[in-house]
$ cat entry_23.tsv   # TSV, C-alpha atoms and all ligand atoms
chain	number	residue	atom	x	y	z
A	1	MET	CA	-73.31	-66.94	21.24
A	2	PRO	CA	-76.27	-66.14	23.56
A	3	LYS	CA	-79.65	-67.50	22.51
A	4	GLU	CA	-81.32	-65.22	20.03
A	5	SER	CA	-85.06	-65.08	19.33
A	6	LEU	CA	-86.27	-65.59	15.79
A	7	ALA	CA	-87.42	-61.96	15.63
A	8	ALA	CA	-84.00	-60.72	16.79
A	9	LYS	CA	-82.23	-62.99	14.32
A	10	THR	CA	-84.44	-61.74	11.49
A	11	ALA	CA	-83.73	-58.14	12.43
A	12	ARG	CA	-79.98	-58.88	12.50
A	13	ALA	CA	-80.15	-60.72	9.16
A	14	VAL	CA	-81.86	-57.74	7.55
A	15	GLU	CA	-79.28	-55.35	9.04
A	16	ILE	CA	-76.50	-57.54	7.63
A	17	LEU	CA	-78.06	-57.65	4.16
A	18	GLU	CA	-78.76	-53.91	4.18
A	19	ALA	CA	-75.15	-53.21	5.13
A	20	LEU	CA	-73.84	-55.51	2.39
A	21	ASP	CA	-76.24	-53.96	-0.11
A	22	ARG	CA	-74.95	-50.49	0.75
A	23	VAL	CA	-71.38	-51.45	-0.15
A	24	MET	CA	-72.19	-53.84	-3.03
A	25	PRO	CA	-75.44	-52.57	-4.62
A	26	GLU	CA	-74.25	-54.04	-7.92
A	27	ALA	CA	-74.04	-57.64	-6.58
A	28	HIS	CA	-75.36	-59.96	-9.27
A	29	ILE	CA	-74.76	-63.38	-10.78
A	30	GLU	CA	-71.30	-63.33	-12.36
A	31	LEU	CA	-72.03	-65.81	-15.14
A	32	ASP	CA	-72.58	-64.21	-18.55
A	33	TYR	CA	-75.85	-65.12	-20.28
A	34	ARG	CA	-78.48	-63.55	-22.52
A	35	THR	CA	-81.26	-66.14	-22.61
A	36	PRO	CA	-82.79	-68.63	-20.14
A	37	LEU	CA	-81.08	-71.48	-22.04
A	38	GLU	CA	-77.69	-69.76	-21.76
A	39	LEU	CA	-78.33	-69.21	-18.05
A	40	VAL	CA	-79.14	-72.83	-17.27
A	41	ALA	CA	-76.22	-74.07	-19.42
A	42	ALA	CA	-73.80	-71.66	-17.70
A	43	VAL	CA	-74.97	-72.70	-14.23
A	44	VAL	CA	-74.58	-76.40	-15.16
A	45	LEU	CA	-71.05	-75.66	-16.38
A	46	SER	CA	-70.15	-73.74	-13.22
A	47	ALA	CA	-70.20	-76.84	-10.98
A	48	GLN	CA	-66.79	-77.06	-9.27
A	49	CYS	CA	-65.47	-74.35	-11.55
A	50	THR	CA	-65.10	-70.58	-11.32
A	51	ASP	CA	-67.53	-68.27	-13.11
A	52	ARG	CA	-64.56	-66.60	-14.82
A	53	ARG	CA	-63.52	-69.87	-16.45
A	54	VAL	CA	-67.07	-70.58	-17.55
A	55	ASN	CA	-67.38	-67.08	-19.04
A	56	MET	CA	-64.24	-67.76	-21.10
A	57	VAL	CA	-65.80	-70.73	-22.93
A	58	THR	CA	-69.47	-69.80	-23.19
A	59	PRO	CA	-69.31	-67.20	-26.02
A	60	GLU	CA	-68.18	-69.86	-28.52
A	61	LEU	CA	-70.38	-72.57	-27.00
A	62	PHE	CA	-73.50	-70.40	-27.13
A	63	LYS	CA	-72.74	-69.43	-30.74
A	64	ALA	CA	-72.51	-73.09	-31.76
A	65	PHE	CA	-75.51	-74.24	-29.69
A	66	PRO	CA	-78.09	-71.44	-29.76
A	67	SER	CA	-81.14	-73.60	-28.94
A	68	ALA	CA	-82.16	-76.69	-27.01
A	69	ALA	CA	-82.53	-78.47	-30.37
A	70	HIS	CA	-78.87	-77.80	-31.19
A	71	TYR	CA	-77.78	-79.60	-28.02
A	72	ALA	CA	-80.36	-82.36	-28.54
A	73	ARG	CA	-79.16	-83.05	-32.09
A	74	SER	CA	-75.52	-83.29	-31.00
A	75	THR	CA	-73.40	-85.90	-29.31
A	76	PRO	CA	-71.39	-85.20	-26.14
A	77	ALA	CA	-68.22	-85.58	-28.24
A	78	GLU	CA	-69.35	-82.60	-30.34
A	79	VAL	CA	-69.89	-80.42	-27.26
A	80	GLU	CA	-66.70	-81.43	-25.46
A	81	PRO	CA	-64.20	-79.36	-27.52
A	82	PHE	CA	-66.03	-76.16	-26.50
A	83	ILE	CA	-65.77	-76.84	-22.77
A	84	LYS	CA	-62.66	-78.98	-22.43
A	85	SER	CA	-60.86	-76.38	-20.29
A	86	LEU	CA	-63.47	-76.89	-17.55
A	87	GLY	CA	-63.33	-79.56	-14.88
A	88	LEU	CA	-65.65	-82.54	-15.40
A	89	PHE	CA	-66.12	-81.49	-19.02
A	90	ARG	CA	-67.11	-84.95	-20.23
A	91	ASN	CA	-69.95	-85.22	-17.72
A	92	LYS	CA	-70.97	-81.64	-18.41
A	93	ALA	CA	-71.11	-82.29	-22.17
A	94	LYS	CA	-73.37	-85.28	-21.53
A	95	SER	CA	-75.56	-83.15	-19.27
A	96	LEU	CA	-75.95	-80.40	-21.89
A	97	VAL	CA	-76.99	-82.87	-24.59
A	98	ALA	CA	-79.44	-84.60	-22.22
A	99	LEU	CA	-80.68	-81.20	-21.07
A	100	GLY	CA	-81.44	-80.18	-24.66
A	101	GLN	CA	-83.31	-83.43	-25.22
A	102	ALA	CA	-85.36	-83.05	-22.01
A	103	LEU	CA	-86.22	-79.44	-22.84
A	104	LEU	CA	-87.42	-80.51	-26.29
A	105	ASP	CA	-89.34	-83.52	-25.02
A	106	SER	CA	-91.06	-81.91	-22.04
A	107	HIS	CA	-91.01	-78.14	-22.43
A	108	GLY	CA	-91.21	-77.37	-26.16
A	109	GLY	CA	-87.54	-76.39	-26.18
A	110	GLU	CA	-88.07	-73.65	-23.56
A	111	VAL	CA	-86.55	-73.45	-20.09
A	112	PRO	CA	-89.23	-73.79	-17.40
A	113	THR	CA	-89.22	-71.25	-14.57
A	114	ALA	CA	-90.73	-73.48	-11.86
A	115	ARG	CA	-88.08	-74.84	-9.53
A	116	ALA	CA	-89.67	-78.30	-9.37
A	117	ALA	CA	-89.60	-78.61	-13.18
A	118	LEU	CA	-86.02	-77.35	-13.33
A	119	GLU	CA	-84.89	-79.88	-10.73
A	120	LYS	CA	-86.05	-82.72	-12.97
A	121	LEU	CA	-83.75	-81.66	-15.82
A	122	PRO	CA	-80.52	-83.62	-16.37
A	123	GLY	CA	-77.52	-82.05	-14.64
A	124	VAL	CA	-79.72	-79.63	-12.69
A	125	GLY	CA	-79.70	-80.14	-8.93
A	126	LYS	CA	-81.59	-78.18	-6.32
A	127	LYS	CA	-79.01	-75.39	-6.07
A	128	THR	CA	-78.77	-74.96	-9.85
A	129	ALA	CA	-82.57	-74.95	-10.11
A	130	GLY	CA	-82.72	-72.31	-7.38
A	131	VAL	CA	-80.16	-70.07	-9.07
A	132	VAL	CA	-81.97	-70.37	-12.41
A	133	THR	CA	-85.46	-69.79	-11.02
A	134	ILE	CA	-84.56	-66.63	-9.10
A	135	HIS	CA	-82.87	-65.13	-12.16
A	136	LEU	CA	-85.87	-65.92	-14.37
A	137	ASN	CA	-88.34	-64.42	-11.87
A	138	GLY	CA	-89.73	-67.90	-11.22
A	139	ASP	CA	-90.25	-69.43	-7.79
A	140	PRO	CA	-88.82	-67.69	-4.75
A	141	ALA	CA	-85.71	-69.46	-3.47
A	142	PHE	CA	-82.57	-68.81	-1.42
A	143	PRO	CA	-80.10	-71.05	-3.28
A	144	VAL	CA	-77.27	-72.29	-1.09
A	145	ASP	CA	-73.86	-72.73	-2.65
A	146	THR	CA	-70.58	-73.16	-0.79
A	147	HIS	CA	-70.31	-69.40	-0.02
A	148	VAL	CA	-73.88	-69.05	1.24
A	149	GLN	CA	-73.53	-72.15	3.41
A	150	ARG	CA	-70.26	-70.94	4.94
A	151	LEU	CA	-71.47	-67.39	5.61
A	152	ALA	CA	-74.86	-68.43	6.99
A	153	GLY	CA	-73.00	-70.60	9.51
A	154	ARG	CA	-70.40	-68.00	10.49
A	155	MET	CA	-73.06	-65.31	10.84
A	156	GLY	CA	-75.20	-67.61	12.98
A	157	LEU	CA	-78.19	-67.21	10.65
A	158	ALA	CA	-78.71	-70.85	9.64
A	159	LYS	CA	-76.81	-74.03	10.08
A	160	GLY	CA	-77.16	-77.48	8.66
A	161	LYS	CA	-75.15	-80.30	7.19
A	162	THR	CA	-76.76	-80.03	3.76
A	163	PRO	CA	-77.55	-77.06	1.51
A	164	ASP	CA	-81.25	-77.98	1.79
A	165	GLN	CA	-81.16	-77.66	5.58
A	166	VAL	CA	-79.33	-74.33	5.36
A	167	GLU	CA	-81.78	-73.01	2.77
A	168	ALA	CA	-84.73	-73.99	4.97
A	169	GLY	CA	-83.08	-72.20	7.90
A	170	LEU	CA	-82.41	-69.05	5.87
A	171	GLN	CA	-85.95	-69.02	4.53
A	172	GLN	CA	-87.23	-69.08	8.10
A	173	VAL	CA	-85.03	-66.19	9.22
A	174	VAL	CA	-84.73	-63.93	6.18
A	175	PRO	CA	-87.84	-62.16	4.82
A	176	GLN	CA	-88.74	-63.44	1.34
A	177	ALA	CA	-88.22	-60.02	-0.22
A	178	TRP	CA	-84.50	-60.47	0.51
A	179	TRP	CA	-84.02	-64.02	-0.80
A	180	THR	CA	-82.75	-63.26	-4.32
A	181	LYS	CA	-80.62	-60.27	-3.34
A	182	GLY	CA	-79.53	-62.04	-0.17
A	183	HIS	CA	-78.18	-64.97	-2.19
A	184	GLN	CA	-76.25	-62.62	-4.49
A	185	LEU	CA	-74.89	-60.52	-1.61
A	186	LEU	CA	-73.68	-63.53	0.39
A	187	VAL	CA	-71.97	-65.01	-2.68
A	188	TRP	CA	-70.22	-61.70	-3.40
A	189	HIS	CA	-69.22	-61.18	0.23
A	190	GLY	CA	-67.91	-64.75	0.41
A	191	ARG	CA	-65.80	-64.23	-2.71
A	192	ARG	CA	-64.42	-60.85	-1.72
A	193	VAL	CA	-64.13	-60.69	2.10
A	194	CYS	CA	-65.40	-63.70	4.02
A	195	HIS	CA	-63.08	-66.17	2.30
A	196	ALA	CA	-63.19	-69.84	3.19
A	197	ARG	CA	-59.66	-69.98	4.61
A	198	LYS	CA	-58.88	-66.43	5.59
A	199	PRO	CA	-61.94	-64.30	6.29
A	200	GLU	CA	-60.98	-60.63	6.50
A	201	CYS	CA	-63.08	-59.74	9.51
A	202	HIS	CA	-60.99	-56.62	10.18
A	203	ARG	CA	-62.38	-55.00	7.00
A	204	CYS	CA	-65.84	-56.54	7.05
A	205	VAL	CA	-68.78	-54.13	7.14
A	206	VAL	CA	-70.92	-56.55	9.11
A	207	ALA	CA	-68.27	-57.48	11.71
A	208	THR	CA	-70.25	-55.90	14.57
A	209	ARG	CA	-73.34	-57.95	13.68
A	210	CYS	CA	-71.53	-61.24	13.05
A	211	PRO	CA	-70.69	-63.70	15.86
A	212	LYS	CA	-67.92	-65.16	13.62
A	213	LEU	CA	-68.83	-68.71	14.60
A	214	GLU	CA	-65.91	-71.12	14.14
A	215	VAL	CA	-63.79	-68.40	12.52
A	216	ARG	CA	-60.09	-68.03	13.02
A	217	GLU	CA	-59.62	-64.47	11.96
A	218	THR	CA	-56.74	-63.41	9.69
A	219	PRO	CA	-54.55	-60.97	11.62
A	220	LYS	CA	-54.57	-57.50	10.15
A	221	ARG	CA	-51.42	-56.89	8.10
A	222	PRO	CA	-49.19	-54.38	9.87
A	223	THR	CA	-48.86	-51.10	8.03
A	224	ARG	CA	-45.44	-49.53	7.41
A	225	ALA	CA	-46.18	-46.91	10.09
A	226	SER	CA	-47.17	-49.48	12.73
A	227	LYS	CA	-44.08	-51.60	11.94
A	228	ALA	CA	-41.84	-48.55	12.30
A	229	SER	CA	-43.37	-47.64	15.65
A	230	ARG	CA	-42.59	-51.12	16.98
A	231	THR	CA	-38.99	-51.29	15.66
A	232	PRO	CA	-36.46	-49.66	18.00
A	233	ARG	CA	-34.15	-47.37	16.07
A	234	ARG	CA	-30.44	-48.00	16.28
A	235	GLY	CA	-28.47	-45.61	18.40
A	236	ARG	CA	-31.54	-44.41	20.27
A	237	PRO	CA	-32.51	-45.40	23.79
A	301	LIG	S1	-67.10	-60.68	10.42
A	301	LIG	FE1	-65.71	-62.22	9.54
A	301	LIG	S2	-66.84	-64.14	9.65
A	301	LIG	FE2	-68.35	-62.50	9.88
A	301	LIG	S3	-69.08	-62.10	7.81
A	301	LIG	FE3	-67.41	-60.69	8.19
A	301	LIG	S4	-65.57	-61.70	7.35
A	301	LIG	FE4	-67.19	-63.27	7.61

$ encode --input "entry_23.tsv" --output "structure tokens"
Amino acid sequence: MPKESLAAKTARAVEILEALDRVMPEAHIELDYRTPLELVAAVVLSAQCTDRRVNMVTPELFKAFPSAAHYARSTPAEVEPFIKSLGLFRNKAKSLVALGQALLDSHGGEVPTARAALEKLPGVGKKTAGVVTIHLNGDPAFPVDTHVQRLAGRMGLAKGKTPDQVEAGLQQVVPQAWWTKGHQLLVWHGRRVCHARKPECHRCVVATRCPKLEVRETPKRPTRASKASRTPRRGRP
């Protein structure tokens, strides 16, 4: 890929996000939640697990544990049955109980919106804190999960070995007004088109603006018509 100035990269990043926004204006976090506590709990549960699986267990969990005090008063063994279909459920149950205790001890039972305060909570890493803060209108952030990291690299927008490095790169290139929506759009595009193993570049709306770095494109599936045109018919020259 030829060297690109920061201004040119920013312009290309905005074009990419505008194009994705045109086809997926509804892109949003796919975890179900109604309150800040439900949001942070759902994001903690989503580690190494699909949002769909998390959404299957949270209605009953949230009914049984409606406040930070409910988690704080419980033992991990009491939380486990609600989330046992999720990977790492024992650790996650411990995190939820510790989270409830920390929220009670340091934040009056409320979820803080500042990213730095969120990062100090048990079970909440930098990415989780970023996802929570942008959905609570807290600090600006461009949280980097596996999809965002993969797409930022393929699109040549930001590279780095760690999510922190990629986030710093994205924040340099992408105007802040696009950070929240940009995160949501890249996650959606990564789940639907730019898959980890088989990116579908042939049907990607940003293909002309993407250098496809380190991508081995999935060949387009032949249609019935194109197959027929390649197959010689019997009895004909
Ligand atoms: S062109 Fe390919 S690599 Fe680039 S964003 Fe689209 S699907 Fe991903």

$ closest_residue --input "entry_23.tsv" --among "A:Ala47, A:Met155, A:Leu136, A:Leu186" --to "ligand LIG 301 (chain A)" --atoms "only C-alpha atoms and all ligand atoms"
A:Met155

$ axis_aligned_box --input "entry_23.tsv" --around "ligand LIG 301 (chain A)" --padding-each-side "8 Å" --output "JSON"
{"center_x": -67.3, "center_y": -62.4, "center_z": 8.9, "size_x": 19.5, "size_y": 19.5, "size_z": 19.1}

$ atom_distance --input "entry_23.tsv" --atom1 "CA of His107 in chain A" --atom2 "CA of Ala41 in chain A"
15.6 Å

$ residues_near_ligand --input "entry_23.tsv" --ligand "ligand LIG 301 (chain A)" --cutoff "7 Å" --atoms "all atoms listed in the file" --output "JSON, numbers by chain"
{"A": [151, 154, 155, 193, 194, 199, 200, 201, 204, 205, 206, 207, 210, 211, 212, 215, 217]}

$ residues_around --input "entry_23.tsv" --residues "Ala98 in chain A" --least-positions-apart "6" --cutoff "9 Å" --atoms "all atoms listed in the file" --output "list in words"
Tyr71, Ala72, Pro76, Leu121, Pro122 and Gly123 of chain A

$ residues_around --input "entry_23.tsv" --residues "Lys127 in chain A" --least-positions-apart "6" --cutoff "9 Å" --atoms "all atoms listed in the file" --output "PDB file with C-alpha atoms, in the coordinates of the input"
ATOM      1  CA  GLU A 119     -84.890 -79.880 -10.730  1.00  0.00           C
ATOM      2  CA  PHE A 142     -82.570 -68.810  -1.420  1.00  0.00           C
ATOM      3  CA  PRO A 143     -80.100 -71.050  -3.280  1.00  0.00           C
ATOM      4  CA  VAL A 144     -77.270 -72.290  -1.090  1.00  0.00           C
ATOM      5  CA  ASP A 145     -73.860 -72.730  -2.650  1.00  0.00           C
ATOM      6  CA  PRO A 163     -77.550 -77.060   1.510  1.00  0.00           C
ATOM      7  CA  ASP A 164     -81.250 -77.980   1.790  1.00  0.00           C
TER       8      ASP A 164
END

$ closest_residue --input "entry_23.tsv" --among "A:Gln172, A:Val132, A:Ser67, A:Leu45" --to "Gly108 in chain A" --atoms "all atoms listed in the file"
A:Ser67

$ closest_residue --input "entry_23.tsv" --among "A:Ala68, A:Val44, A:Val111, A:Val148" --to "Val124 in chain A" --atoms "all atoms listed in the file"
A:Val44

$ closest_residue --input "entry_23.tsv" --among "A:Thr146, A:Glu38, A:Gln165, A:Arg203" --to "Asn55 in chain A" --atoms "all atoms listed in the file"
A:Glu38

$ atom_distance --input "entry_23.tsv" --atom1 "CA of Trp188 in chain A" --atom2 "CA of Leu20 in chain A"
9.2 Å

$ closest_residue --input "entry_23.tsv" --among "A:Ala77, A:Ala114, A:Val43, A:Ala168" --to "Thr128 in chain A" --atoms "all atoms listed in the file"
A:Val43

$ closest_residue --input "entry_23.tsv" --among "A:Lys94, A:Lys3, A:Lys161, A:His70" --to "Gly109 in chain A" --atoms "all atoms listed in the file"
A:His70

$ residues_around --input "entry_23.tsv" --residues "Gln48 in chain A" --least-positions-apart "4" --cutoff "10 Å" --atoms "all atoms listed in the file" --output "PyMOL selection string"
chain A and resi 44+86-88

$ residues_near_point --input "entry_23.tsv" --point "(-72.8, -66.5, -14.0)" --cutoff "12 Å" --atoms "only C-alpha atoms" --output "JSON, numbers by chain"
{"A": [27, 28, 29, 30, 31, 32, 33, 34, 36, 38, 39, 40, 41, 42, 43, 44, 45, 46, 47, 49, 50, 51, 52, 53, 54, 55, 56, 58, 128, 131, 132, 135, 184, 187, 188]}

$ atom_distance --input "entry_23.tsv" --atom1 "CA of Glu15 in chain A" --atom2 "CA of Arg209 in chain A"
8.0 Å

$ decode --input "entry_23.tsv" --residues "range 184-200 of chain A" --atoms "N, CA and C atoms" --output "tab-separated table (two decimals), in the first residue's frame"
chain	number	residue	atom	x	y	z
A	184	GLN	N	-19.36	0.82	16.64
A	184	GLN	CA	-20.54	-0.03	16.36
A	184	GLN	C	-20.54	-0.52	14.90
A	185	LEU	N	-20.18	0.38	13.98
A	185	LEU	CA	-20.20	0.00	12.56
A	185	LEU	C	-19.13	-1.06	12.25
A	186	LEU	N	-17.94	-0.91	12.83
A	186	LEU	CA	-16.89	-1.90	12.54
A	186	LEU	C	-17.26	-3.26	13.15
A	187	VAL	N	-17.86	-3.26	14.34
A	187	VAL	CA	-18.28	-4.53	14.94
A	187	VAL	C	-19.33	-5.20	14.04
A	188	TRP	N	-20.31	-4.43	13.61
A	188	TRP	CA	-21.37	-5.00	12.76
A	188	TRP	C	-20.80	-5.51	11.44
A	189	HIS	N	-19.92	-4.71	10.83
A	189	HIS	CA	-19.36	-5.11	9.53
A	189	HIS	C	-18.48	-6.37	9.71
A	190	GLY	N	-17.78	-6.44	10.82
A	190	GLY	CA	-16.95	-7.61	11.09
A	190	GLY	C	-17.78	-8.86	11.30
A	191	ARG	N	-18.95	-8.70	11.91
A	191	ARG	CA	-19.81	-9.86	12.15
A	191	ARG	C	-20.55	-10.30	10.89
A	192	ARG	N	-20.82	-9.37	9.99
A	192	ARG	CA	-21.70	-9.69	8.86
A	192	ARG	C	-20.98	-9.88	7.53
A	193	VAL	N	-19.85	-9.21	7.32
A	193	VAL	CA	-19.19	-9.25	6.01
A	193	VAL	C	-17.69	-9.53	6.12
A	194	CYS	N	-17.00	-8.77	6.93
A	194	CYS	CA	-15.54	-8.89	6.99
A	194	CYS	C	-15.17	-9.91	8.07
A	195	HIS	N	-15.61	-11.18	7.83
A	195	HIS	CA	-15.40	-12.23	8.81
A	195	HIS	C	-13.91	-12.51	9.02
A	196	ALA	N	-13.60	-13.09	10.17
A	196	ALA	CA	-12.19	-13.36	10.48
A	196	ALA	C	-11.57	-14.29	9.45
A	197	ARG	N	-12.27	-15.40	9.15
A	197	ARG	CA	-11.66	-16.38	8.24
A	197	ARG	C	-11.96	-16.12	6.78
A	198	LYS	N	-13.19	-15.75	6.50
A	198	LYS	CA	-13.57	-15.61	5.09
A	198	LYS	C	-14.24	-14.27	4.84
A	199	PRO	N	-13.47	-13.21	4.75
A	199	PRO	CA	-14.09	-11.90	4.47
A	199	PRO	C	-14.72	-11.91	3.08
A	200	GLU	N	-15.92	-11.34	2.99
A	200	GLU	CA	-16.65	-11.37	1.72
A	200	GLU	C	-16.43	-10.05	0.98
